[in-house]
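Written below as structure tokens is the structure these notes are about.
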Amino acid sequence: MESKIAEKSWSKEFEKAFYEKWKNNPLYAFRRNSDKPVYSIDTPPPYVNTPVHMGHAATYSIMDMIARFRRMMGYEVLFPLGLDRNGLPIEMAAEKKFKTKFNRVSREEFLLMCNKVLEESSAESVDSFMKLGIAFNSWNKGTGLGEIYETDSNDYRTLTQETFIDLYNQGLIYEDDRINNYCPGCMTTIADAEIDYKDIPSTFNDVVFTVKETGEKIIIGTTRPELIPSCGMVIFNPEDKRYQHLNGKTAVTPLFNTEVPIKAHPLAEIDKGTGLVMMCSAGDLSDIRFFREMGIAPIISISIDGTMNDNAGFLKGMKIKDAREKMIQDLKADNLLVKQVPVTHRTPICERSKHEIEFISMKEYYLKQVEFKDKMLALADKMNFYDESIKQIYLDWINSVSIDWPISRRRYYATEVPLWYCNGCGQVIVPPKGKYYKPWKEKPPVKECPECHSKEFTGDTRVLDTWFDSSNSPLYVLKYSRDKEFFEKNNRCSLRPQGKEIIRTWLYYTVFKDFLLTKKCIFKDVWIHHHIIDEKGIKMSKSLGNMIDPHDILEKFGAEPFRLWCAVEGDITKTDLRCSYERIEGAGKTLTKLWNVARFVSMFEDPSGDVKLSDTDKWVLNEINELVKLSRARYEKYDFHTPSLELRHFIWETFSSHYLELVKNRAYNDNKLFLKEEQNGALFTLHYCLETLLKLLAPIIPFATAKLYEEIKEKDIHSEKFPKVADNYEISFKKEDIVELNGAIWKAKKDAQISLKAPVKELILSHKLKGAEKDIMQAHSVEKIKFDDKVEVKV
RNA sequence: GGGCCCAUGGUCUAGCGGUUAUGACGUCACCUUUACAAGGUGGAUGUCCCCGGUUCGAAUCCGGGUGGGCCCACCA
């Protein structure tokens with residue numbers, strides 16, 4: 001007998017024809033006027049100037065499983081691809097490529113360099129997604145529903161500016177002169193979320209201060225002696241017995257001879273250093289909070305370019321590190337430095353450029369967020385977190401928010417702050433919404449100032465934080481303010497899939513900002529993934545040389561073994577997944593098995609005449625029905641792991657080893673030992689199980705299932721409905737009974753060293769299996785059969 | 001310093017109050033059995049991290065350790 005399927009196994013070569021077909025498949029396009037319910041996914045826009053890495057490959061594949069499942073469940077699925085092109089990474093790439101700094105060339109020139117970098121970043125990542133079989137709505141760039149969008153497009157930036165204008169007009173954005181995290185490398189203020197910490201070796205210097213009232217010499221330990229001119233207070237712990245007499249007195253700083261109060265404050269720890277701390281208005285965040293608390297005017301001695309300013313007296317003009325050296329030398333010369341101890345100091349550094357953070361005062365725009373903390377906590381309950389345990393990270397972050405969100409940046413390749421200022425009276429000119437504004441080079445939308453009638457204006461030169469852009473992604477994909485009718489019907493996004501590490505940024509800022517704009521919780525479900533790590537459990541990194549490139553995987557094995565591996569290997573919402581070539585290749589064996597199961601089944605026609613099901617048929621139909629039940633329930637909860645393991649087990653064990661072996665003879669029916677309708681029972685069941693199995697697997701392995709379904713049914717499996725749960729048949733035995741019986745027979749023949757085809761002289765088995773008697777006799781060449789309460793095989 | 005997560009044969013993993021502790025990869029022996037040698041059958045490999053507790057009974061629940069990871073944090 002000939003199988004419909006000629007090829008002996010699944011090959012990655014089959015994939016190409018499919019992704020080229022899918023590229024323009026209207027099945028995956030988003031139909032705005034469809035009457036199906038909408039399921040919308042706020043796909044994370046990957047950064048364009050780095051190729052797709054293992055984490056992307058795995059998580060987008062799982063997102064695709066989600067999208068494909070929902071599509072089969074009858075939803076109109078909005079699954080667009082976005083491309084992130086804004087912000088620092090592009091600027092840094094441009095700086096590297098053209099060996100310059102953004103502030104060394106004109107803004108105009110620098111933006112051209114950024115564009116150059118972006119042009120060359122090409123469509124590589126888009127191509128990778130296609131090869132992975134991701135069924136995005138569209139592969140064309142555009143502004144329509146479901147089309148590929150770019151975060152630096154005029155349309156996207158227009159929306160970002162619209163949200164700024166709305167929030168500004170609501171009075172939620174204000175400009176304030178405040179101490180900020182400042183990165184001397186990026187030359188811009190950065191948000192708390194952009195700070196990293198690193199242990200940097202430093203020196204603890206014991207410096208001599210004088211008590212003005214008594215002339216007593218007191219010793220203060222500091223790692224930042226150059227900040228002595230910024231010292232605003234000296235503190236000791238209220239419990240510290242050594243210093244009680246200093247309370248209320250005045251300390252005189254060395255070399256600068258400024259007078260500062262001495263007070264007790266719990267911030268000082270008794271055991272640390274000498275127990276006395278000099279509080280400077282530029283040390284780190286704790287100092288800043290302290291100054292705010294105590295209401296002391298900060299003395300800023302570091303300027304924007306990272307050098308000391310007028311307040312630093314004789315240190316003026318020096319770089320911070322030089323100033324520190326100079327201070328140490330001068331203190332030594334005057335015998336004011338009594339001890340130096342090397343320490344490692346946990347230092348705040350810039351997440352991107354790795355420079356040590358300085359704290360300086362600048363004018364910045366802020367979006368009010370502190371006053372919304374309670375609302376944000378309440379809103380968290382409106383979202384379902386997958387996995388639920390991850391919610392804690394989100395709540396912890398909300399609870400820890402202590403200052404408003406600084407949203408302006410002093411960089412170039414980002415969305416401009418859409419404001420002008422009147423040169424006459426300083427009046428802020430807020431433009432109307434609906435256009436992309438570049439105030440640094442454009443004229444304002446008004447001819448003269450409404451206040452003072454001046455005709456001269458200055459455009460704002462700052463840009464917005466990249467998270468201010470990113471936080472409108474669900475609004476953008478749902479066409480908020482672009483397609484009012486659509487957004488009204490779909491004003492919440494079904495799913496935000498994203499990484500665990502950006503909960504405090506992308507997730508928090510999106511929920512927060514979109515709440516301010518829409519008064520709703522923008523997401524219904526949030527799917528948070530952990531990471532792909534190497535086979536030893538270590539983070540993949542270029543420097544360690546343990547990277548696995550998904551392009552290699554695609555080259556070697558194709559998308560399918562990888563996609564199956566993604567599902568089978570573990571639940572990425574609960575734990576990191578360890579990745580190795582070996583295990584991905586191993587996952588591919590299941591594809592071969594599935595392929596051969598399909599080849600076998602397709603040797604037979606799906607019967608059209610009378611069908612009589614034996615208990616064996618009913619049993620396996622119940623088994624597959626349980627899989628339908630499980631898959632539906634778990635896929636619904638974004639769990640592809642549990643069903644994929646069960647499906648794999650079904651393919652290898654339940655279906656192949658047990659059912660198939662039992663009914664082979666009936667399916668062939670060469671000796672006409674079975675009635676036609678009995679044979680049909682096997683054929684029907686074989687086809688039914690295979691088709692159902694393929695449909696259950698279609699979201700996970702879309703290529704192989706499509707190929708097989710096409711061969712067998714001449715239809716596109718991805719247009720099919722997901723199988724429904726049926727009623728189970730009444731039968732008297734369970735899987736365990738079958739497994740036990742077959743195992744016993746195989747073992748008996750093996751022990752007797754006879755062929756599996758050799759006859760069983762006598763078989764004693766449980767009454768329960770009576771309904772499968774004929775299948776069992778034929779499968780194992782049983783000559784005589786008896787029913788009892790035990791299993792016994794005589795060969 | 002705080003929070004969260006993890007610890008099961010060589011490696012990875014399931015189980016989450018009663019199992020002869022699941023499966024995968026690897027490994028060993030045997031076998032061409034009309035879908036599949038990218039196969040089949042069978043085997044070996046485990047103080048389920050440690051110490052206590054709850055319980056008739058713990059890999060599973062609780063407490064405390066130890067080791068590892070991630071995130072957060074206000075230290076001079």
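Identifiers in the structure tokens: chain A, B, ... in order shown; residue index from 1 per chain; ligand index from 1 in order shown.
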
Can you check which parts of chain A lie within 6 Å of chain B? Per residue, the shortest pair of atoms and distance in Å to one decimal, counting only C-alpha atoms (C1' of nucleotides), sorted by chain and number, as CSV.
residue,atom,partner,partner_atom,distance
A:Thr222,CA,B:A76,C1',5.7
A:Val277,CA,B:A76,C1',5.1
A:Ser286,CA,B:C74,C1',4.2
A:Lys589,CA,B:A38,C1',5.6
A:Asn596,CA,B:A35,C1',4.6
A:Val597,CA,B:A35,C1',5.5
A:Arg599,CA,B:A35,C1',5.5
A:Phe600,CA,B:A35,C1',4.1
A:Leu756,CA,B:U33,C1',5.9

Selection above as a file: N, CA, C and O atoms, as a short mmCIF file (atom, residue, chain, number, x, y, z; two decimals), in the first residue's frame:
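The resulting file, out_5.cif, is shown below:
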data_model
loop_
_atom_site.label_atom_id
_atom_site.label_comp_id
_atom_site.auth_asym_id
_atom_site.auth_seq_id
_atom_site.Cartn_x
_atom_site.Cartn_y
_atom_site.Cartn_z
N THR A 222 35.03 59.85 54.12
CA THR A 222 34.31 60.12 52.88
C THR A 222 35.04 59.51 51.69
O THR A 222 36.26 59.43 51.67
N VAL A 277 29.06 61.63 59.37
CA VAL A 277 28.88 61.68 57.93
C VAL A 277 28.74 63.12 57.47
O VAL A 277 28.02 63.89 58.09
N SER A 286 20.68 59.18 48.17
CA SER A 286 20.30 59.30 49.58
C SER A 286 20.53 60.73 50.06
O SER A 286 19.74 61.27 50.82
N LYS A 589 13.10 15.00 16.83
CA LYS A 589 12.75 13.58 16.62
C LYS A 589 11.24 13.36 16.66
O LYS A 589 10.72 12.49 15.97
N ASN A 596 5.85 10.10 10.44
CA ASN A 596 5.66 8.69 10.11
C ASN A 596 4.30 8.16 10.54
O ASN A 596 3.73 7.29 9.88
N VAL A 597 3.81 8.69 11.64
CA VAL A 597 2.45 8.35 12.04
C VAL A 597 1.50 8.78 10.93
O VAL A 597 0.62 8.03 10.50
N ARG A 599 2.22 9.29 7.80
CA ARG A 599 2.43 8.47 6.60
C ARG A 599 1.64 7.17 6.70
O ARG A 599 1.01 6.72 5.75
N PHE A 600 1.70 6.59 7.87
CA PHE A 600 0.98 5.34 8.07
C PHE A 600 -0.53 5.55 7.89
O PHE A 600 -1.18 4.84 7.13
N LEU A 756 8.73 -10.78 17.69
CA LEU A 756 7.48 -10.18 18.14
C LEU A 756 6.31 -10.73 17.31
O LEU A 756 5.16 -10.64 17.70
#

Shell around A:Lys479 at 12 Å using only C-alpha atoms (C1' of nucleotides), local window under 3 positions removed, as a compact mmCIF listing (two decimals) with all heavy atoms, in the first residue's frame:
# COMPACT_ATOMS: atom_id res chain seq x y z
N ARG A 32 -10.55 44.66 9.70
CA ARG A 32 -11.14 45.63 10.61
C ARG A 32 -12.65 45.42 10.79
O ARG A 32 -13.18 45.58 11.88
CB ARG A 32 -10.90 47.04 10.07
CG ARG A 32 -11.37 48.14 10.99
CD ARG A 32 -11.33 49.50 10.29
NE ARG A 32 -11.86 50.54 11.15
CZ ARG A 32 -13.15 50.72 11.37
NH1 ARG A 32 -14.05 49.93 10.82
NH2 ARG A 32 -13.55 51.71 12.17
N SER A 40 -6.28 41.26 20.75
CA SER A 40 -5.19 42.14 20.36
C SER A 40 -3.93 41.89 21.18
O SER A 40 -3.99 41.71 22.39
CB SER A 40 -5.63 43.60 20.50
OG SER A 40 -6.24 43.81 21.75
N ASP A 42 -0.15 43.38 22.04
CA ASP A 42 0.76 44.52 21.98
C ASP A 42 2.18 43.96 21.89
O ASP A 42 2.94 43.97 22.86
CB ASP A 42 0.57 45.38 23.24
CG ASP A 42 1.47 46.60 23.23
OD1 ASP A 42 1.88 47.04 22.16
OD2 ASP A 42 1.74 47.11 24.34
N LEU A 78 -5.31 40.63 16.31
CA LEU A 78 -4.46 41.76 15.96
C LEU A 78 -3.06 41.47 16.49
O LEU A 78 -2.84 41.44 17.70
CB LEU A 78 -5.01 43.05 16.59
CG LEU A 78 -4.23 44.34 16.27
CD1 LEU A 78 -4.24 44.64 14.78
CD2 LEU A 78 -4.82 45.52 17.04
N THR A 143 0.56 52.47 8.33
CA THR A 143 -0.10 53.00 9.53
C THR A 143 -1.44 52.33 9.76
O THR A 143 -2.17 52.70 10.66
CB THR A 143 -0.30 54.53 9.39
OG1 THR A 143 -1.07 54.77 8.20
CG2 THR A 143 1.02 55.26 9.30
N GLY A 144 -1.77 51.34 8.93
CA GLY A 144 -3.06 50.67 9.09
C GLY A 144 -3.04 49.65 10.22
O GLY A 144 -1.97 49.29 10.72
N LEU A 145 -4.21 49.16 10.59
CA LEU A 145 -4.32 48.15 11.63
C LEU A 145 -3.52 46.90 11.24
O LEU A 145 -3.73 46.35 10.17
CB LEU A 145 -5.79 47.76 11.82
CG LEU A 145 -6.62 48.63 12.75
CD1 LEU A 145 -8.10 48.48 12.45
CD2 LEU A 145 -6.31 48.31 14.20
N GLY A 146 -2.62 46.51 12.10
CA GLY A 146 -1.89 45.27 11.87
C GLY A 146 -0.64 45.41 11.01
O GLY A 146 0.11 44.46 10.85
N GLU A 147 -0.41 46.58 10.45
CA GLU A 147 0.78 46.74 9.61
C GLU A 147 2.03 46.96 10.48
O GLU A 147 1.93 47.34 11.65
CB GLU A 147 0.59 47.91 8.64
CG GLU A 147 -0.43 47.57 7.55
CD GLU A 147 -0.54 48.66 6.50
OE1 GLU A 147 -0.92 49.79 6.85
OE2 GLU A 147 -0.27 48.37 5.34
N TYR A 149 4.84 48.73 12.15
CA TYR A 149 5.04 50.16 12.47
C TYR A 149 6.44 50.38 13.01
O TYR A 149 7.07 49.46 13.53
CB TYR A 149 3.98 50.64 13.45
CG TYR A 149 4.10 50.09 14.86
CD1 TYR A 149 4.85 50.75 15.84
CD2 TYR A 149 3.45 48.92 15.22
CE1 TYR A 149 4.94 50.25 17.12
CE2 TYR A 149 3.55 48.40 16.51
CZ TYR A 149 4.29 49.08 17.46
OH TYR A 149 4.39 48.58 18.73
N ASP A 155 4.10 59.19 12.13
CA ASP A 155 2.80 58.87 12.71
C ASP A 155 2.94 58.49 14.19
O ASP A 155 2.17 58.94 15.04
CB ASP A 155 2.16 57.72 11.92
CG ASP A 155 0.68 57.58 12.22
OD1 ASP A 155 -0.01 58.61 12.25
OD2 ASP A 155 0.23 56.44 12.45
N TYR A 156 3.94 57.65 14.47
CA TYR A 156 4.11 57.21 15.86
C TYR A 156 4.53 58.40 16.74
O TYR A 156 4.00 58.60 17.83
CB TYR A 156 5.15 56.09 15.96
CG TYR A 156 5.09 55.36 17.29
CD1 TYR A 156 4.37 54.18 17.43
CD2 TYR A 156 5.72 55.89 18.42
CE1 TYR A 156 4.28 53.54 18.64
CE2 TYR A 156 5.63 55.25 19.65
CZ TYR A 156 4.91 54.07 19.75
OH TYR A 156 4.83 53.44 20.97
N LEU A 159 1.74 60.68 17.56
CA LEU A 159 0.92 60.19 18.67
C LEU A 159 1.61 60.45 20.01
O LEU A 159 0.98 60.89 20.97
CB LEU A 159 0.64 58.69 18.52
CG LEU A 159 -0.16 58.08 19.68
CD1 LEU A 159 -1.57 58.67 19.73
CD2 LEU A 159 -0.24 56.57 19.57
N ASN A 472 3.07 54.25 24.62
CA ASN A 472 1.82 54.32 23.85
C ASN A 472 1.64 53.16 22.90
O ASN A 472 0.75 53.21 22.09
CB ASN A 472 1.60 55.58 22.99
CG ASN A 472 2.69 56.58 22.97
OD1 ASN A 472 2.97 57.08 24.02
ND2 ASN A 472 3.24 56.91 21.84
N SER A 473 2.48 52.14 22.97
CA SER A 473 2.36 51.10 21.95
C SER A 473 0.96 50.48 21.87
O SER A 473 0.44 50.32 20.77
CB SER A 473 3.44 50.04 22.13
OG SER A 473 3.33 49.43 23.38
N PRO A 474 0.32 50.15 22.99
CA PRO A 474 -1.02 49.57 22.83
C PRO A 474 -2.01 50.59 22.25
O PRO A 474 -2.91 50.21 21.49
CB PRO A 474 -1.43 49.16 24.25
CG PRO A 474 -0.52 49.91 25.15
CD PRO A 474 0.74 50.19 24.41
N LEU A 475 -1.84 51.85 22.60
CA LEU A 475 -2.72 52.88 22.02
C LEU A 475 -2.48 52.95 20.52
O LEU A 475 -3.42 53.07 19.73
CB LEU A 475 -2.43 54.26 22.64
CG LEU A 475 -2.63 54.39 24.14
CD1 LEU A 475 -2.36 55.82 24.58
CD2 LEU A 475 -4.05 53.99 24.53
N TYR A 476 -1.22 52.86 20.14
CA TYR A 476 -0.91 52.95 18.72
C TYR A 476 -1.49 51.78 17.95
O TYR A 476 -2.11 51.96 16.91
CB TYR A 476 0.61 53.04 18.49
CG TYR A 476 0.94 53.36 17.06
CD1 TYR A 476 0.86 54.68 16.60
CD2 TYR A 476 1.24 52.36 16.16
CE1 TYR A 476 1.10 54.98 15.26
CE2 TYR A 476 1.48 52.65 14.82
CZ TYR A 476 1.41 53.96 14.38
OH TYR A 476 1.63 54.26 13.05
N ARG A 482 -6.78 57.56 16.19
CA ARG A 482 -6.59 57.45 14.74
C ARG A 482 -7.85 56.88 14.08
O ARG A 482 -8.21 57.26 12.99
CB ARG A 482 -5.42 56.49 14.42
CG ARG A 482 -4.08 56.99 14.88
CD ARG A 482 -3.71 58.22 14.08
NE ARG A 482 -2.34 58.64 14.32
CZ ARG A 482 -1.96 59.39 15.35
NH1 ARG A 482 -2.85 59.79 16.23
NH2 ARG A 482 -0.70 59.74 15.49
N ASP A 483 -8.47 55.93 14.81
CA ASP A 483 -9.66 55.26 14.29
C ASP A 483 -10.59 55.17 15.50
O ASP A 483 -10.65 54.16 16.18
CB ASP A 483 -9.27 53.88 13.75
CG ASP A 483 -10.45 53.14 13.13
OD1 ASP A 483 -11.61 53.49 13.46
OD2 ASP A 483 -10.21 52.22 12.34
N LYS A 484 -11.29 56.26 15.74
CA LYS A 484 -12.06 56.39 16.99
C LYS A 484 -13.11 55.29 17.14
O LYS A 484 -13.32 54.76 18.22
CB LYS A 484 -12.72 57.77 17.06
CG LYS A 484 -11.69 58.87 17.24
CD LYS A 484 -12.21 60.01 18.12
CE LYS A 484 -11.07 60.89 18.61
NZ LYS A 484 -10.76 62.03 17.73
N GLU A 485 -13.74 54.94 16.02
CA GLU A 485 -14.79 53.93 16.07
C GLU A 485 -14.20 52.57 16.50
O GLU A 485 -14.77 51.90 17.36
CB GLU A 485 -15.42 53.81 14.68
CG GLU A 485 -16.68 52.97 14.67
CD GLU A 485 -17.06 52.57 13.24
OE1 GLU A 485 -16.59 53.20 12.28
OE2 GLU A 485 -17.84 51.60 13.12
N PHE A 486 -13.04 52.24 15.94
CA PHE A 486 -12.42 50.97 16.29
C PHE A 486 -11.96 50.98 17.74
O PHE A 486 -12.18 50.03 18.49
CB PHE A 486 -11.23 50.68 15.36
CG PHE A 486 -10.58 49.35 15.64
CD1 PHE A 486 -11.13 48.19 15.14
CD2 PHE A 486 -9.44 49.28 16.43
CE1 PHE A 486 -10.55 46.95 15.41
CE2 PHE A 486 -8.85 48.05 16.71
CZ PHE A 486 -9.40 46.88 16.20
N PHE A 487 -11.34 52.08 18.14
CA PHE A 487 -10.81 52.14 19.50
C PHE A 487 -11.93 52.12 20.54
O PHE A 487 -11.78 51.56 21.62
CB PHE A 487 -9.93 53.37 19.71
CG PHE A 487 -9.24 53.37 21.05
CD1 PHE A 487 -8.13 52.56 21.26
CD2 PHE A 487 -9.72 54.12 22.10
CE1 PHE A 487 -7.51 52.51 22.49
CE2 PHE A 487 -9.10 54.08 23.35
CZ PHE A 487 -7.99 53.28 23.54
N GLU A 488 -13.04 52.70 20.19
CA GLU A 488 -14.16 52.69 21.13
C GLU A 488 -14.61 51.26 21.43
O GLU A 488 -14.89 50.91 22.57
CB GLU A 488 -15.33 53.46 20.52
CG GLU A 488 -16.03 54.38 21.51
CD GLU A 488 -16.80 55.45 20.79
OE1 GLU A 488 -17.94 55.16 20.37
OE2 GLU A 488 -16.25 56.57 20.62
N LYS A 489 -14.60 50.43 20.39
CA LYS A 489 -15.00 49.03 20.56
C LYS A 489 -13.90 48.20 21.21
O LYS A 489 -14.16 47.20 21.85
CB LYS A 489 -15.35 48.41 19.21
CG LYS A 489 -16.74 48.73 18.73
CD LYS A 489 -17.08 47.85 17.52
CE LYS A 489 -17.84 48.65 16.48
NZ LYS A 489 -17.53 48.25 15.11
N ASN A 490 -12.67 48.60 20.97
CA ASN A 490 -11.53 47.82 21.45
C ASN A 490 -10.58 48.69 22.26
O ASN A 490 -9.46 48.95 21.86
CB ASN A 490 -10.78 47.21 20.26
CG ASN A 490 -11.69 46.34 19.42
OD1 ASN A 490 -12.02 45.22 19.80
ND2 ASN A 490 -12.13 46.86 18.29
N ASN A 491 -11.10 49.16 23.38
CA ASN A 491 -10.31 50.13 24.14
C ASN A 491 -9.42 49.49 25.20
O ASN A 491 -8.78 50.18 25.99
CB ASN A 491 -11.20 51.20 24.75
CG ASN A 491 -12.28 50.59 25.63
OD1 ASN A 491 -12.16 49.43 26.04
ND2 ASN A 491 -13.33 51.34 25.90
N ARG A 492 -9.38 48.18 25.23
CA ARG A 492 -8.41 47.50 26.08
C ARG A 492 -7.70 46.46 25.23
O ARG A 492 -8.32 45.80 24.41
CB ARG A 492 -9.08 46.83 27.27
CG ARG A 492 -9.63 47.82 28.29
CD ARG A 492 -10.12 47.11 29.53
NE ARG A 492 -9.02 46.53 30.30
CZ ARG A 492 -9.20 45.62 31.26
NH1 ARG A 492 -10.40 45.17 31.53
NH2 ARG A 492 -8.16 45.14 31.91
N CYS A 493 -6.41 46.33 25.47
CA CYS A 493 -5.62 45.41 24.69
C CYS A 493 -5.67 44.04 25.38
O CYS A 493 -5.51 43.96 26.60
CB CYS A 493 -4.19 45.94 24.63
SG CYS A 493 -3.17 45.16 23.40

**OP:** Enumerate, as a PyMOL selection string, the complete set of residues in stretch 680-765 of chain A that a backbone-based DSSP assignment places in strand (DSSP E or B).
**Re:** chain A and resi 760+762-765

Deliver the residues from the most recent selection as a file, using N, CA, C and O atoms, as an mmCIF file, in the first residue's frame.
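That gives us part19.cif:
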data_model
loop_
_atom_site.group_PDB
_atom_site.id
_atom_site.type_symbol
_atom_site.label_atom_id
_atom_site.label_comp_id
_atom_site.auth_asym_id
_atom_site.auth_seq_id
_atom_site.Cartn_x
_atom_site.Cartn_y
_atom_site.Cartn_z
ATOM 1 N N VAL A 760 1.588 -16.220 20.482
ATOM 2 C CA VAL A 760 1.415 -16.415 21.920
ATOM 3 C C VAL A 760 0.509 -17.623 22.038
ATOM 4 O O VAL A 760 -0.604 -17.622 21.491
ATOM 5 N N GLU A 762 -0.905 -19.029 24.684
ATOM 6 C CA GLU A 762 -2.112 -18.769 25.473
ATOM 7 C C GLU A 762 -1.962 -17.442 26.204
ATOM 8 O O GLU A 762 -0.890 -17.141 26.746
ATOM 9 N N LEU A 763 -3.022 -16.660 26.172
ATOM 10 C CA LEU A 763 -3.009 -15.361 26.859
ATOM 11 C C LEU A 763 -4.169 -15.325 27.837
ATOM 12 O O LEU A 763 -5.319 -15.572 27.471
ATOM 13 N N ILE A 764 -3.813 -15.013 29.075
ATOM 14 C CA ILE A 764 -4.866 -14.813 30.074
ATOM 15 C C ILE A 764 -4.887 -13.325 30.399
ATOM 16 O O ILE A 764 -3.839 -12.731 30.672
ATOM 17 N N LEU A 765 -6.058 -12.743 30.322
ATOM 18 C CA LEU A 765 -6.125 -11.306 30.606
ATOM 19 C C LEU A 765 -7.444 -10.940 31.268
ATOM 20 O O LEU A 765 -8.354 -11.772 31.356
#

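Minimum distance to B:G18 across B:G46, B:G52, B:G57, B:G64 (counting only C-alpha atoms (C1' of nucleotides)) occurs at B:G57.
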